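S.K.: Take a look at the following structure, please.
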Amino acid sequence: MLKVEHLDLYYGAIHALHDICFEVEQGEIVTLIGANGAGKTSILHAISGLLPYRNGLVTFAGCPITKMPPHKLVGMGLVHVPEGRRVFARMSVMENLDMGAFTSRSKEDQARTLEKVFEHFPRLKERRRQAAGTLSGGEQQMLAMGRALMSKPKLLMMDEPSMGLSPLLVQEIFAITREINREGVTVLLVEQNAHMALSIANRGYVLETGRIIKEGAAGDLLRDEDVKKAYLGT
Amino acid sequence: MLLFLNQLINGLHVGAIYALIALGYTMVYGIVRLINFAHGDILMVGAYTAVVLITMLHLPVLLVIILVLLVCVLFGVLIERVAYKPLRNSPRISSLITAIGVSMLLQNIALLVFTPTPKPYPISLSLPALQIGTLSIGSITVLTILVSAALMIVLQLFVSTTRAGKAMRAVSEDFDAAQLMGINVNNTISLTFAIGCALAGIGSLLYGLAYPSVSPTLGALPGLKAFIAAVLGGIGIIPGAMLGGLIMGLAESLTKAYISSQLSDAVVYGILIVVLLFKPSGLLGRGTREKV
Ligand SMILES: Nc1ncnc2c1ncn2[C@@H]1O[C@H](COP(=O)(O)OP(=O)(O)OP(=O)(O)O)[C@@H](O)[C@H]1O
Ligand SMILES: [Mg+2]
């Protein structure tokens, strides 16, 4: 469904991503794990068109999306939940969700999707009139995900949803991610929390200083000695 | 008492015009973090457009009003596309200097085409004044206050309820996140310049009625005052521009009446300095950033 081939990205003279190749199949949860500064966010930004890259080919649902402006991807079903939630702080929860549905033209469709989102995140329904900036970190993550779901994504790319959340909330967020996946949304999950990410993913890629150094089934990576030492703390 | 009421109304009159112009500064700043120093000159563009269309082409006033708005909008959108958009990812000082450059360019083109000799503003309004007891309010004043108030209400409704208005707020809060929602930021930015310049176009009509002399630097002073009004109210915040404009207008006219007409500008700048000392983000500005 998503295919990234030979991606090279530079920040000025800094070569931040080296020959990145990976693939996400329909229905999967695929995780990209790596330490701080490994280049996880850069990969997602390149795919979304927020960052220009020097070489590489990105294909989504059979369509080349290299150089496509970010706003066009949402309509195609490729949706990015950015690092640090990035909710619109001064807008209400409801307005944030409306922005998520920006590309959808049918009111009925929106209402139905909204019901679904509130089923996943009942907390958002209670707080729908509140300014998003006053939500807790966990609630903001829920809003960021709910907002992304409002556009009915085919592929959801999430950048470190666990960042700054309590272990309990991380579990909740990951459980919901799995539910969303079961309902047919393919997921590309970027995480530093390798253990949690690998425990819900089908497959994973390990990223180190801008290179993919390992890939495999999530279960295998969980048992891999190098991965254990570097990312699982055991 | 009558003098005071008269000055109050004069202040509202001037303040309403400042507010209309200040809205353009503040909306543009809110969305691209740029002080568009050429914004005041849109007033001049609007005024000369009226001069050309009426004194040279003799078009009917209603048509001229519409064309003035169109020309102002066109200038605003073109300036953004040609001068500011290529610099969107450059250091902010570059676009600031460019904005000053655009302002000088517009003034000098006007100087070249229309010469420095002021031309009379060709539209006038000759309706009887509104009488309330012994208080008499000129028709231009009434018109200015009513039109400005209506526009501000419409603008407020637009940004708070419509799809395009909400997209504008989203882009001004978080450029990248807005794109990830599927919002076309280029169109949203153009729309912001268009609305700001349409308001400046209406401002030019109202300003021309009140001060019917058109020169190449016509926009400089009201532009500066409106910019100060926007900062005073909190740059980037729409109700702040309205409040700032009204305060500036009132301060100016009350100082002229009760203290000294030479001091009116000093008082205005004084108010700005005092407010910024105590609240650097402006009257309605948010002092602290929200939790992210
Ligand atoms: N705007 C930038 N300019 C220069 N270098 C950058 C920029 N953004 C990121 N980098 C560098 O690129 C590398 C990859 O950064 P990236 O943000 O993609 O890492 P990450 O894996 O997402 O890290 P984290 O887990 O901390 O979010 C880092 O070395 C970083 O310093
Ligand atoms: Mg990151």
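For the structure tokens, the naming scheme is as follows: chains receive sequential letters (A, B, ...) according to their order of presentation, residues are indexed from 1 within each chain, and ligands are indexed from 1 in presentation order.
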Could you please tell me, as a PyMOL selection string, which residues of chain B have an atom within 12 Å of chain A when using only C-alpha atoms?

M.R.: chain B and resi 89+159-188+237+286+288-292

S.K.: What's the 12 Å shell around Val267 of chain B, counting only C-alpha atoms, without same-chain residues fewer than 2 positions away, as a list of chain:residue names?

M.R.: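 Contacts, in chain order: B:Ile247, B:Met248, B:Gly249, B:Leu250, B:Ala251, B:Glu252, B:Ser253, B:Leu254, B:Thr255, B:Lys256, B:Tyr258, B:Ile259, B:Ser260, B:Ser261, B:Gln262, B:Leu263, B:Ser264, B:Asp265, B:Tyr269, B:Gly270, B:Ile271, B:Leu272, B:Ile273, B:Val274.
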
S.K.: I need the residues from that last selection saved to file as a compact mmCIF listing (two decimals), in the first residue's frame (with N, CA, C and O atoms), if you can.

M.R.:
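Generated output (again06.txt):
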```txt
# COMPACT_ATOMS: atom_id res chain seq x y z
N ILE B 247 -9.31 52.51 20.27
CA ILE B 247 -8.57 53.23 21.30
C ILE B 247 -7.70 54.32 20.67
O ILE B 247 -7.66 55.46 21.15
N MET B 248 -7.04 53.98 19.57
CA MET B 248 -6.19 54.96 18.89
C MET B 248 -7.01 56.17 18.44
O MET B 248 -6.60 57.32 18.63
N GLY B 249 -8.16 55.89 17.83
CA GLY B 249 -8.99 56.98 17.33
C GLY B 249 -9.46 57.87 18.47
O GLY B 249 -9.37 59.11 18.39
N LEU B 250 -9.93 57.25 19.53
CA LEU B 250 -10.44 58.03 20.67
C LEU B 250 -9.32 58.83 21.32
O LEU B 250 -9.48 60.03 21.60
N ALA B 251 -8.16 58.18 21.52
CA ALA B 251 -7.05 58.88 22.17
C ALA B 251 -6.65 60.08 21.34
O ALA B 251 -6.43 61.18 21.86
N GLU B 252 -6.61 59.88 20.03
CA GLU B 252 -6.19 60.95 19.15
C GLU B 252 -7.16 62.13 19.23
O GLU B 252 -6.75 63.28 19.42
N SER B 253 -8.45 61.86 19.12
CA SER B 253 -9.37 62.99 19.03
C SER B 253 -9.54 63.66 20.39
O SER B 253 -9.69 64.87 20.48
N LEU B 254 -9.49 62.89 21.48
CA LEU B 254 -9.62 63.52 22.80
C LEU B 254 -8.39 64.35 23.13
O LEU B 254 -8.50 65.42 23.73
N THR B 255 -7.20 63.86 22.74
CA THR B 255 -6.00 64.66 22.99
C THR B 255 -6.06 65.96 22.21
O THR B 255 -5.73 67.03 22.72
N LYS B 256 -6.49 65.86 20.97
CA LYS B 256 -6.57 67.07 20.14
C LYS B 256 -7.50 68.08 20.77
O LYS B 256 -7.23 69.28 20.78
N TYR B 258 -8.58 68.28 24.07
CA TYR B 258 -8.38 68.71 25.45
C TYR B 258 -6.94 69.01 25.80
O TYR B 258 -6.67 69.67 26.79
N ILE B 259 -5.98 68.47 25.08
CA ILE B 259 -4.59 68.71 25.48
C ILE B 259 -3.94 69.60 24.43
O ILE B 259 -3.77 70.80 24.65
N SER B 260 -3.63 69.04 23.29
CA SER B 260 -3.02 69.85 22.25
C SER B 260 -3.00 69.04 20.97
O SER B 260 -2.75 67.84 21.01
N SER B 261 -3.25 69.68 19.87
CA SER B 261 -3.31 68.90 18.64
C SER B 261 -1.92 68.44 18.22
O SER B 261 -1.77 67.47 17.50
N GLN B 262 -0.87 69.16 18.70
CA GLN B 262 0.47 68.71 18.35
C GLN B 262 0.85 67.44 19.11
O GLN B 262 1.68 66.66 18.67
N LEU B 263 0.22 67.30 20.27
CA LEU B 263 0.63 66.19 21.13
C LEU B 263 -0.09 64.88 20.81
O LEU B 263 0.22 63.85 21.39
N SER B 264 -1.08 64.93 19.90
CA SER B 264 -1.93 63.75 19.75
C SER B 264 -1.12 62.50 19.36
O SER B 264 -1.36 61.42 19.89
N ASP B 265 -0.14 62.66 18.49
CA ASP B 265 0.65 61.50 18.12
C ASP B 265 1.50 61.01 19.28
O ASP B 265 1.61 59.81 19.52
N TYR B 269 1.53 57.21 20.81
CA TYR B 269 2.71 56.36 20.98
C TYR B 269 2.94 56.05 22.46
O TYR B 269 3.35 54.95 22.82
N GLY B 270 2.66 57.06 23.31
CA GLY B 270 2.81 56.86 24.75
C GLY B 270 1.93 55.72 25.23
O GLY B 270 2.37 54.84 25.98
N ILE B 271 0.68 55.72 24.79
CA ILE B 271 -0.24 54.64 25.19
C ILE B 271 0.32 53.29 24.76
O ILE B 271 0.35 52.33 25.53
N LEU B 272 0.81 53.26 23.52
CA LEU B 272 1.37 52.00 23.01
C LEU B 272 2.51 51.52 23.90
O LEU B 272 2.56 50.36 24.31
N ILE B 273 3.41 52.45 24.25
CA ILE B 273 4.59 52.06 25.03
C ILE B 273 4.16 51.55 26.40
O ILE B 273 4.62 50.51 26.88
N VAL B 274 3.23 52.30 27.03
CA VAL B 274 2.79 51.89 28.37
C VAL B 274 2.14 50.50 28.31
O VAL B 274 2.44 49.62 29.12
```

S.K.: Excluding segment 73-83 of chain B and its own-chain neighbours fewer than 5 positions away, which residues fall within 7 Å of it when counting only C-alpha atoms? Please give them as number ranges by chain.

M.R.: B: 98, 190, 193-194, 197-198

S.K.: I need the residues from that last selection saved to file as an mmCIF file, in the first residue's frame (with all heavy atoms), if you can.

M.R.:
```
data_model
loop_
_atom_site.group_PDB
_atom_site.id
_atom_site.type_symbol
_atom_site.label_atom_id
_atom_site.label_comp_id
_atom_site.auth_asym_id
_atom_site.auth_seq_id
_atom_site.Cartn_x
_atom_site.Cartn_y
_atom_site.Cartn_z
ATOM 1 N N THR B 98 11.576 43.035 2.475
ATOM 2 C CA THR B 98 10.834 43.005 1.212
ATOM 3 C C THR B 98 9.542 43.803 1.327
ATOM 4 O O THR B 98 9.168 44.541 0.411
ATOM 5 C CB THR B 98 10.507 41.550 0.832
ATOM 6 O OG1 THR B 98 11.723 40.816 0.807
ATOM 7 C CG2 THR B 98 9.845 41.472 -0.524
ATOM 8 N N SER B 190 -3.743 33.346 0.380
ATOM 9 C CA SER B 190 -4.267 34.303 -0.599
ATOM 10 C C SER B 190 -5.593 34.879 -0.132
ATOM 11 O O SER B 190 -5.840 36.085 -0.238
ATOM 12 C CB SER B 190 -4.482 33.621 -1.949
ATOM 13 O OG SER B 190 -3.243 33.314 -2.531
ATOM 14 N N PHE B 193 -4.975 37.557 2.488
ATOM 15 C CA PHE B 193 -4.559 38.827 1.880
ATOM 16 C C PHE B 193 -5.749 39.487 1.185
ATOM 17 O O PHE B 193 -5.924 40.703 1.248
ATOM 18 C CB PHE B 193 -3.413 38.608 0.887
ATOM 19 C CG PHE B 193 -2.055 38.628 1.534
ATOM 20 C CD1 PHE B 193 -1.551 37.491 2.135
ATOM 21 C CD2 PHE B 193 -1.302 39.787 1.561
ATOM 22 C CE1 PHE B 193 -0.297 37.508 2.745
ATOM 23 C CE2 PHE B 193 -0.046 39.813 2.170
ATOM 24 C CZ PHE B 193 0.450 38.665 2.755
ATOM 25 N N ALA B 194 -6.562 38.676 0.511
ATOM 26 C CA ALA B 194 -7.705 39.233 -0.208
ATOM 27 C C ALA B 194 -8.668 39.921 0.760
ATOM 28 O O ALA B 194 -9.112 41.052 0.514
ATOM 29 C CB ALA B 194 -8.422 38.132 -0.977
ATOM 30 N N CYS B 197 -7.146 43.109 2.195
ATOM 31 C CA CYS B 197 -7.071 44.211 1.230
ATOM 32 C C CYS B 197 -8.462 44.706 0.838
ATOM 33 O O CYS B 197 -8.628 45.889 0.515
ATOM 34 C CB CYS B 197 -6.277 43.791 0.014
ATOM 35 S SG CYS B 197 -4.537 43.614 0.438
ATOM 36 N N ALA B 198 -9.463 43.845 0.869
ATOM 37 C CA ALA B 198 -10.820 44.317 0.629
ATOM 38 C C ALA B 198 -11.221 45.287 1.742
ATOM 39 O O ALA B 198 -11.814 46.347 1.485
ATOM 40 C CB ALA B 198 -11.797 43.140 0.572
#
```

S.K.: Would you name the residues within 9 Å of ligand 1, counting only C-alpha atoms and all ligand atoms, and put them as a ChimeraX atom specification?

M.R.: /A:10-17,33-45,83,159-160,190-192,207-210

S.K.: As a tab-separated table (two decimals) with N, CA, C and O atoms, in the first residue's frame, please: the residues near segment 212-225 of chain B (cut-off 8 Å, only C-alpha atoms, same-chain neighbours under 5 positions excluded).

M.R.:
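Here's the written file around17.tsv:
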```tsv
chain	number	residue	atom	x	y	z
B	18	TYR	N	-9.09	53.18	11.32
B	18	TYR	CA	-7.86	52.51	11.77
B	18	TYR	C	-8.12	51.02	11.97
B	18	TYR	O	-7.32	50.18	11.61
B	21	ILE	N	-8.20	49.01	8.77
B	21	ILE	CA	-6.87	48.80	8.21
B	21	ILE	C	-6.08	47.84	9.10
B	21	ILE	O	-5.38	46.95	8.63
B	22	ALA	N	-6.23	48.04	10.41
B	22	ALA	CA	-5.49	47.19	11.35
B	22	ALA	C	-5.85	45.72	11.17
B	22	ALA	O	-5.01	44.84	11.35
B	37	PHE	N	4.25	45.76	5.56
B	37	PHE	CA	4.37	47.23	5.57
B	37	PHE	C	3.73	47.87	4.34
B	37	PHE	O	3.50	49.06	4.32
B	39	HIS	N	0.80	47.28	3.45
B	39	HIS	CA	-0.65	47.27	3.60
B	39	HIS	C	-1.26	48.67	3.56
B	39	HIS	O	-2.29	48.89	2.93
B	40	GLY	N	-0.62	49.63	4.21
B	40	GLY	CA	-1.13	51.00	4.21
B	40	GLY	C	-1.22	51.55	2.79
B	40	GLY	O	-2.13	52.32	2.45
B	41	ASP	N	-0.29	51.15	1.95
B	41	ASP	CA	-0.26	51.68	0.59
B	41	ASP	C	-1.40	51.15	-0.27
B	41	ASP	O	-1.71	51.71	-1.32
B	42	ILE	N	-2.02	50.07	0.18
B	42	ILE	CA	-3.21	49.58	-0.53
B	42	ILE	C	-4.30	50.66	-0.48
B	42	ILE	O	-5.09	50.83	-1.41
B	43	LEU	N	-4.30	51.43	0.60
B	43	LEU	CA	-5.24	52.54	0.74
B	43	LEU	C	-5.04	53.55	-0.40
B	43	LEU	O	-5.99	54.04	-1.00
B	44	MET	N	-3.75	53.83	-0.62
B	44	MET	CA	-3.40	54.77	-1.69
B	44	MET	C	-3.79	54.19	-3.05
B	44	MET	O	-4.36	54.90	-3.91
B	47	ALA	N	-7.41	54.66	-3.47
B	47	ALA	CA	-7.78	56.05	-3.68
B	47	ALA	C	-7.49	56.48	-5.13
B	47	ALA	O	-8.33	57.11	-5.78
B	48	TYR	N	-6.29	56.13	-5.64
B	48	TYR	CA	-5.97	56.50	-7.02
B	48	TYR	C	-6.86	55.76	-8.02
B	48	TYR	O	-7.18	56.28	-9.08
B	107	GLN	N	4.72	53.45	-3.59
B	107	GLN	CA	4.68	54.90	-3.45
B	107	GLN	C	5.40	55.59	-4.61
B	107	GLN	O	4.96	56.62	-5.12
B	108	ASN	N	6.51	54.98	-5.02
B	108	ASN	CA	7.27	55.62	-6.09
B	108	ASN	C	6.61	55.47	-7.45
B	108	ASN	O	6.69	56.36	-8.28
B	110	ALA	N	3.43	55.44	-7.82
B	110	ALA	CA	2.36	56.44	-7.77
B	110	ALA	C	2.92	57.84	-8.05
B	110	ALA	O	2.31	58.64	-8.76
B	111	LEU	N	4.10	58.09	-7.47
B	111	LEU	CA	4.76	59.38	-7.66
B	111	LEU	C	5.04	59.63	-9.15
B	111	LEU	O	4.82	60.72	-9.68
B	114	PHE	N	1.37	59.65	-11.06
B	114	PHE	CA	0.37	60.67	-10.69
B	114	PHE	C	0.99	61.99	-10.23
B	114	PHE	O	0.25	62.91	-9.90
B	115	THR	N	2.33	62.08	-10.19
B	115	THR	CA	3.04	63.26	-9.68
B	115	THR	C	2.71	63.51	-8.20
B	115	THR	O	1.70	63.04	-7.71
B	116	PRO	N	3.60	64.27	-7.52
B	116	PRO	CA	3.35	64.47	-6.08
B	116	PRO	C	2.17	65.41	-5.79
B	116	PRO	O	1.71	65.48	-4.65
B	117	THR	N	1.68	66.12	-6.78
B	117	THR	CA	0.59	67.06	-6.52
B	117	THR	C	-0.68	66.31	-6.09
B	117	THR	O	-1.14	65.43	-6.81
B	118	PRO	N	-1.22	66.65	-4.93
B	118	PRO	CA	-2.42	65.94	-4.48
B	118	PRO	C	-3.59	66.14	-5.44
B	118	PRO	O	-3.72	67.20	-6.06
B	119	LYS	N	-4.38	65.11	-5.57
B	119	LYS	CA	-5.60	65.21	-6.39
B	119	LYS	C	-6.80	65.13	-5.47
B	119	LYS	O	-6.75	64.45	-4.46
B	120	PRO	N	-7.89	65.82	-5.84
B	120	PRO	CA	-9.07	65.73	-4.97
B	120	PRO	C	-9.69	64.34	-5.06
B	120	PRO	O	-9.70	63.72	-6.12
B	121	TYR	N	-10.14	63.82	-3.92
B	121	TYR	CA	-10.82	62.53	-3.93
B	121	TYR	C	-12.17	62.72	-4.60
B	121	TYR	O	-12.92	63.62	-4.25
B	122	PRO	N	-12.49	61.90	-5.62
B	122	PRO	CA	-13.63	62.22	-6.48
B	122	PRO	C	-15.00	61.78	-5.95
B	122	PRO	O	-16.00	62.10	-6.56
B	207	TYR	N	-11.83	56.69	4.11
B	207	TYR	CA	-10.77	57.65	4.38
B	207	TYR	C	-10.86	58.80	3.38
B	207	TYR	O	-10.72	59.97	3.75
B	248	MET	N	-7.04	53.98	19.57
B	248	MET	CA	-6.19	54.96	18.89
B	248	MET	C	-7.01	56.17	18.44
B	248	MET	O	-6.60	57.32	18.63
```

S.K.: So which residues of chain A fall under strand (DSSP E or B) by DSSP, listed as a ChimeraX atom specification?

M.R.: /A:2-11,14-24,29-34,55-60,63-64,78-81,92,131,155-159,186-191,203-208,211-217

S.K.: Rank nothing, just name the residue among A:Arg211, A:Asp109, A:Phe174, A:Glu225 nearest to Leu9 of chain A, using only C-alpha atoms.

M.R.: A:Arg211

S.K.: Select, from B:Thr26, B:Gln131, B:Ser95, B:Ser136, the residue with the minimum atom-to-atom distance to Ala241 of chain B, counting only C-alpha atoms.

M.R.: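 Between B:Thr26, B:Gln131, B:Ser95, B:Ser136, the residue approaching Ala241 of chain B most closely is B:Thr26.
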
S.K.: Please return as a count of residues only: the residues of segment 15-202 of chain A that backbone DSSP assigns to helix (DSSP H, G or I).

M.R.: 82
